[in-house]
Structure formats: structure tokens, C-alpha cells
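Novice: After the C-alpha cells below, expect a handful of questions from me.
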Amino acid sequence: MRKRNCVQEIMHEKRISYNRLSRLSGVSKGALHQIANMKELPRQNTKIAIAKGFRMKVGEVCYLDD
């Protein structure tokens, strides 16, 4: 089972830039870029912050893939 996220897809759908998501979530732009490109696995508190920035549930942003 591999952990994945939909950060880039959601950003595109909601037309949110890395700068704006950074302001909304409190997560740095660099960290968001690393997470969105699957180069870094976010901690639980970072996942929660990103989900809050999107006004979504964590499970809608981060999910498991078989």
C-alpha cells in the first residue's frame, strides 16, 4: 500500500497557487511543492493544515493507494 495525495489536482480544481495555499495552511511554499510532487511525505499535522487550507477533510486530500 502506497501513500498518495491529491494536492496538485485540488490546487488546479480550486485555482489555488502555492503562495495562496501556503498562506491559508501555514505550510511553507517549498514544503507544499515537495509534498505535491511526492518528494516528501507530510506529517499528520501538516496533512491537517493543508486540508484546512483547502477547507476539506484530510481523507479527501490524502489517501492510501493499493
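We label chains A, B, ... in the order they appear in the C-alpha cells, count residues from 1 in each chain, and number ligands from 1 in the order shown.
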Just list as a ChimeraX atom specification whatever in stretch 12-42 of chain A DSSP marks as helix (DSSP H, G or I).

Specialist: /A:12-14,18-25,29-36

Novice: Quick one: everything within 10 Å of stretch 6-17 of chain A, counting only C-alpha atoms, minus sequence neighbours fewer than 5 positions away in the same chain. Send it as a PyMOL selection string.

Specialist: chain A and resi 22-24+29+32-33+35-38+50-51+53-54+60-63

Novice: For A:Glu40, which of A:Val58, A:Tyr18, A:Gly26, A:Asn5 is the closest residue, counting only C-alpha atoms?

Specialist: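 Checking each candidate against A:Glu40, we get A:Asn5 as the closest.
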
Novice: Could you write out, as a compact mmCIF listing (two decimals) with C-alpha atoms, in the first residue's frame, all the residues of chain A that DSSP marks as strand (DSSP E)?

Specialist:
```
# COMPACT_ATOMS: atom_id res chain seq x y z
CA ARG A 2 1.45 3.35 -1.05
CA LYS A 3 0.53 6.74 0.40
CA ARG A 4 -0.56 9.34 -2.15
CA ASN A 5 -2.11 12.78 -2.19
CA CYS A 62 -4.51 12.34 1.46
CA TYR A 63 -5.43 8.74 0.83
CA LEU A 64 -3.97 5.26 0.53
CA ASP A 65 -3.46 3.53 -2.79
```

Novice: Any idea what the distance is between atom CA of A:Gln34 and atom CA of A:Lys57?

Specialist: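 It comes out at 20.5 Å.
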
Novice: Find the distance between atom CA of A:Lys52 and atom CA of A:Ser25 and write it in Å to one decimal.

Specialist: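 Result for atom CA of A:Lys52 versus atom CA of A:Ser25: 6.4 Å, one decimal.
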